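This report refers to the structure that appears directly beneath it.
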Amino acid sequence: MRHRIAVVGSGPAGLTFARVLYRHGRAVTVLERDSARDARPPGGTLDLHAGLGQLALEKAGLTADFQTLSRPEGQAMRILSPDGTVLRDWRPGPEERANPEIDRGQLRDLLLGPLDVQWGRGVTQVVPGARGGARIVFADGRQETYDLVVGADGAWSRVRSAVSPVTPHYTGVTSVETSLDDVDRRHPDLARLIGDGSLAVYGVNRALVAQRNSGGHVKVYAQFRAPLDRQEVDAETETVRSSLLALFDGWAAPVLELLHHGTAFIHRPLYVLPVSHTWPHTPGVTLLGDAAHLMPPLGAGANLAMLEGAELAESLATDPDDLNDAVRSFEQRMWARATRWAQLTTAGLERLVSPDPAQALALFDEVQPS
């Protein structure tokens, strides 16, 4: 029996789910509120872990393409103290491919491949049916019914409310993002400071992180603890720059150059769902990725989302007649694994943006011994 399946959201979770189903010859409708694939910037870079994101790409038959696009050298990590002292300078060996980097835009295009995405299809509500299946209500008022609706629509998921009343809560940490372009030519000193991968500087309740993307593009993240009501979210660029420079006053001049040269600033308060977020199994609806288990952005979220998408797709493709049981079994596996990672990342954020900067260095040594 062929079921009518829709996935809401064309991020890593939704596209991996659709791509693995496509590989198994199964039809799926991908619904995305953005008007086109390039309607907004795709974001920074991701490290795809062996056994998680890389395994998902293997299930999608995309390993060779990923290896061509990825940057193993991007695994490098340099940690400085606020006065500029180099505390750690880890560089991957020539065969190290545990967590190679890939730009989000490159990953999106790789996963899109032959998929037919319905762009500009904003979803406002999903209503489970009394006997299974679910009805999607679109922003334009139209409605469609599917045997299964998969919510892969991120932190502020519109699908989530069909199965859970829970909404994300603020962690107390905000990240302000800026970027530098053509860094090797325009800012060679900063390029050398950052190296091939990431640079991190940890202070009291604040941190600066710079991360290389491809093509000489660098993303910079200023992270700090602050109440939501004290943030200049809509302030002009120079106002935000001045506030950040004041916040990091006294740090080494080369480190502060990351803020001096930033082109624009975007506030991103970090929200999470409860560590053990689950919901009563609801025939016709399920969730993936941030829609299911939003956690601090410490490298696990996209990896988990992709593997979940691949595993759910495989379950539906190999046992297509019993849709409900396949989803129920998948949810149990997802919840157990996501809870472990949510605990790790929640504890990790507490140590990375901490009153004691030594906690951040200790965490690095536990994860990647120097």
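Identifiers in the structure tokens: chain A, B, ... in order shown; residue index from 1 per chain; ligand index from 1 in order shown.
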Quick one: everything within 9 Å of A:Asp83, counting only C-alpha atoms, minus sequence neighbours fewer than 2 positions away in the same chain. Send it as a PyMOL selection string.
chain A and resi 80-81+85+250-253+255
Those of stretch 68-262 of chain A in DSSP alpha helix (DSSP H), formatted as number ranges by chain:
A: 68-69, 104-112, 183-186, 188-194, 237-247, 253-260
Written file, previous selection with C-alpha atoms, as a tab-separated table (two decimals), in the first residue's frame:
```
chain	number	residue	atom	x	y	z
A	68	THR	CA	34.04	15.95	-2.29
A	69	LEU	CA	32.37	18.99	-0.70
A	104	ARG	CA	24.81	24.52	5.22
A	105	GLY	CA	24.05	25.77	1.73
A	106	GLN	CA	26.17	23.05	0.14
A	107	LEU	CA	24.52	20.40	2.30
A	108	ARG	CA	21.05	21.71	1.40
A	109	ASP	CA	21.81	21.59	-2.32
A	110	LEU	CA	23.32	18.11	-2.00
A	111	LEU	CA	20.19	16.80	-0.28
A	112	LEU	CA	17.79	18.61	-2.59
A	183	VAL	CA	39.03	37.05	4.98
A	184	ASP	CA	42.30	35.72	3.53
A	185	ARG	CA	42.72	38.74	1.25
A	186	ARG	CA	41.01	41.50	3.23
A	188	PRO	CA	45.07	38.20	6.52
A	189	ASP	CA	46.01	38.65	10.19
A	190	LEU	CA	42.57	37.44	11.26
A	191	ALA	CA	42.78	34.59	8.77
A	192	ARG	CA	46.00	33.40	10.39
A	193	LEU	CA	44.53	33.84	13.86
A	194	ILE	CA	41.49	31.71	13.03
A	237	THR	CA	24.83	47.97	13.35
A	238	GLU	CA	27.21	50.47	14.92
A	239	THR	CA	25.19	50.57	18.14
A	240	VAL	CA	25.37	46.80	18.48
A	241	ARG	CA	29.07	46.82	17.62
A	242	SER	CA	29.77	49.40	20.33
A	243	SER	CA	27.76	47.42	22.89
A	244	LEU	CA	29.66	44.23	22.10
A	245	LEU	CA	33.03	45.95	22.22
A	246	ALA	CA	32.08	47.30	25.65
A	247	LEU	CA	30.98	43.82	26.75
A	253	ALA	CA	43.10	43.63	20.38
A	254	PRO	CA	43.46	40.90	17.68
A	255	VAL	CA	40.42	39.09	19.11
A	256	LEU	CA	38.34	42.27	19.14
A	257	GLU	CA	39.15	42.80	15.47
A	258	LEU	CA	36.58	40.07	14.81
A	259	LEU	CA	33.92	42.49	16.04
A	260	HIS	CA	35.46	45.61	14.51
```
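Using only C-alpha atoms, the protein and nucleic acid residues lying no more than 8 Å from stretch 40-52 of chain A, apart from those fewer than 3 places from it along its own chain, are Asp34, Arg37, Leu55, Ala56, Gln75, Arg97, Ala98, Asn99, Pro100, Glu101, Ile102, Asp103, Arg104, Gly105, Gln211, Arg212, Asn213, Lys219, Gly299, Ala302, Asn303, Leu304, Met306 and Leu307 of chain A.
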With distances taken over only C-alpha atoms, the candidate from A:Gly74, A:Leu228, A:Val285, A:Gly61 nearest A:Pro128 is A:Val285
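The nearest approach to A:Ser214 among the residues A:Leu273, A:Ala6, A:Tyr146, A:Gly197, with only C-alpha atoms taken into account, belongs to A:Gly197.
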Considering only C-alpha atoms, can you say which of A:Arg131, A:Arg158, A:Arg351, A:His169 comes closest to A:Arg206?
A:Arg351
Suppose you want the space between atom CA of A:Arg26 and atom CA of A:Thr286; what is it in Å?
18.0 Å
Within 9 Å of A:Glu311, counting only C-alpha atoms, which residues show up once you throw out same-chain ones fewer than 6 positions away? Write them as an NGL selection string, please.
:A and (17 or 20 or 56 or 59 or 330)
Atoms kept (C-alpha atoms) for selection, written as a PDB file, in the first residue's frame:
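Contents of again_26.pdb, freshly written:
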```
ATOM      1  CA  PHE A  17      13.907  12.115   5.245  1.00  0.00           C
ATOM      2  CA  VAL A  20      16.095   8.490   1.703  1.00  0.00           C
ATOM      3  CA  ALA A  56      22.466   9.584   7.355  1.00  0.00           C
ATOM      4  CA  LYS A  59      21.729   5.893   3.905  1.00  0.00           C
ATOM      5  CA  PHE A 330      10.860   5.144  15.597  1.00  0.00           C
TER       6      PHE A 330
END
```
Strand (DSSP E or B) call set, DSSP backbone run, stretch 70-232 of chain A, as number ranges by chain:
A: 71, 77-80, 86-90, 101-103, 117-119, 123-128, 130, 132, 134-138, 143-146, 148-151, 169-180, 198-203, 206-212, 218-225
Considering only C-alpha atoms, state which residue in the set A:Trp341, A:Trp279, A:Trp90, A:Phe224 is at the smallest distance from A:Glu177.
A:Phe224
Smallest atom-to-atom distance to A:Leu287: which of A:Leu363, A:Val353, A:Val149, A:Ala134, using only C-alpha atoms?
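Among A:Leu363, A:Val353, A:Val149, A:Ala134, it is A:Val149 that comes nearest to A:Leu287.
Minimum atom-to-atom distance to A:Asp322, evaluated using only C-alpha atoms, belongs to A:Asp147 out of A:Ala27, A:Phe66, A:Asp147, A:Leu87.
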Could you please determine the separation between atom CA of A:His267 and atom CA of A:Phe364 in Å, to one decimal place?
25.5 Å
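Near A:His293, within 10 Å and counting only C-alpha atoms, sit Gly154, Ala155, Pro168, Val272, Leu273, Pro274, Val275, Ser276, His277, Thr278, Leu287, Leu288, Gly289, Asp290, Pro296, Gly301, Leu304, Ala305, Met334, Trp335, Ala338, Thr339, Trp341 and Ala342 of chain A, not including residues fewer than 3 positions from it in the same chain.
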For the residues in the current selection, export N, CA, C and O atoms as a compact mmCIF listing (two decimals), in the first residue's frame.
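This went into result-v2.txt:
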```
# COMPACT_ATOMS: atom_id res chain seq x y z
N GLY A 154 11.54 22.96 12.53
CA GLY A 154 12.42 23.72 13.39
C GLY A 154 11.88 24.12 14.74
O GLY A 154 10.87 23.62 15.23
N ALA A 155 12.62 25.06 15.37
CA ALA A 155 12.37 25.44 16.76
C ALA A 155 10.94 25.89 17.01
O ALA A 155 10.33 25.53 18.01
N PRO A 168 9.42 26.21 23.22
CA PRO A 168 10.79 26.44 23.68
C PRO A 168 10.89 27.53 24.75
O PRO A 168 10.08 28.47 24.79
N VAL A 272 15.55 26.33 24.00
CA VAL A 272 15.58 24.86 24.03
C VAL A 272 14.20 24.34 24.42
O VAL A 272 13.38 25.06 25.00
N LEU A 273 13.98 23.09 24.10
CA LEU A 273 12.83 22.35 24.63
C LEU A 273 13.29 21.58 25.88
O LEU A 273 14.50 21.40 26.09
N PRO A 274 12.37 21.13 26.72
CA PRO A 274 12.78 20.33 27.88
C PRO A 274 13.64 19.15 27.46
O PRO A 274 13.45 18.57 26.39
N VAL A 275 14.60 18.80 28.31
CA VAL A 275 15.57 17.75 27.97
C VAL A 275 14.90 16.45 27.55
O VAL A 275 15.35 15.80 26.59
N SER A 276 13.87 16.06 28.21
CA SER A 276 13.21 14.78 27.91
C SER A 276 11.85 15.02 27.26
O SER A 276 10.84 14.44 27.67
N HIS A 277 11.81 15.85 26.23
CA HIS A 277 10.55 16.16 25.59
C HIS A 277 10.02 14.95 24.79
O HIS A 277 10.69 14.45 23.90
N THR A 278 8.86 14.48 25.17
CA THR A 278 8.15 13.43 24.43
C THR A 278 6.70 13.87 24.28
O THR A 278 6.31 14.93 24.77
N LEU A 287 7.37 14.13 14.66
CA LEU A 287 8.31 15.24 14.59
C LEU A 287 9.73 14.74 14.42
O LEU A 287 10.07 13.62 14.84
N LEU A 288 10.57 15.60 13.84
CA LEU A 288 12.00 15.33 13.69
C LEU A 288 12.81 16.55 14.11
O LEU A 288 12.34 17.68 14.04
N GLY A 289 14.05 16.33 14.51
CA GLY A 289 15.00 17.42 14.70
C GLY A 289 14.57 18.43 15.74
O GLY A 289 14.01 18.09 16.78
N ASP A 290 14.83 19.73 15.46
CA ASP A 290 14.52 20.78 16.42
C ASP A 290 13.04 20.84 16.77
O ASP A 290 12.68 21.28 17.86
N PRO A 296 20.77 23.09 22.84
CA PRO A 296 21.81 24.08 22.54
C PRO A 296 22.62 23.71 21.30
O PRO A 296 22.90 22.52 21.07
N GLY A 301 22.59 18.94 17.02
CA GLY A 301 21.23 19.07 16.52
C GLY A 301 21.02 18.63 15.08
O GLY A 301 20.16 17.78 14.80
N LEU A 304 21.68 14.81 14.62
CA LEU A 304 20.56 13.98 15.07
C LEU A 304 19.39 14.08 14.11
O LEU A 304 18.76 13.08 13.78
N ALA A 305 19.09 15.30 13.68
CA ALA A 305 17.96 15.51 12.79
C ALA A 305 18.10 14.71 11.50
O ALA A 305 17.14 14.09 11.02
N MET A 334 14.06 7.50 18.91
CA MET A 334 14.45 8.90 18.83
C MET A 334 14.47 9.55 20.20
O MET A 334 15.43 10.25 20.55
N TRP A 335 13.43 9.34 21.00
CA TRP A 335 13.36 9.98 22.31
C TRP A 335 14.53 9.58 23.20
O TRP A 335 15.12 10.42 23.88
N ALA A 338 17.79 11.25 21.77
CA ALA A 338 17.76 12.70 21.89
C ALA A 338 17.89 13.15 23.33
O ALA A 338 18.53 14.17 23.62
N THR A 339 17.32 12.41 24.27
CA THR A 339 17.44 12.76 25.69
C THR A 339 18.90 12.75 26.12
O THR A 339 19.36 13.66 26.82
N TRP A 341 21.57 13.25 24.24
CA TRP A 341 22.26 14.37 23.64
C TRP A 341 21.81 15.70 24.23
O TRP A 341 22.61 16.64 24.37
N ALA A 342 20.55 15.81 24.57
CA ALA A 342 20.06 17.05 25.19
C ALA A 342 20.71 17.26 26.55
O ALA A 342 21.06 18.40 26.92
```
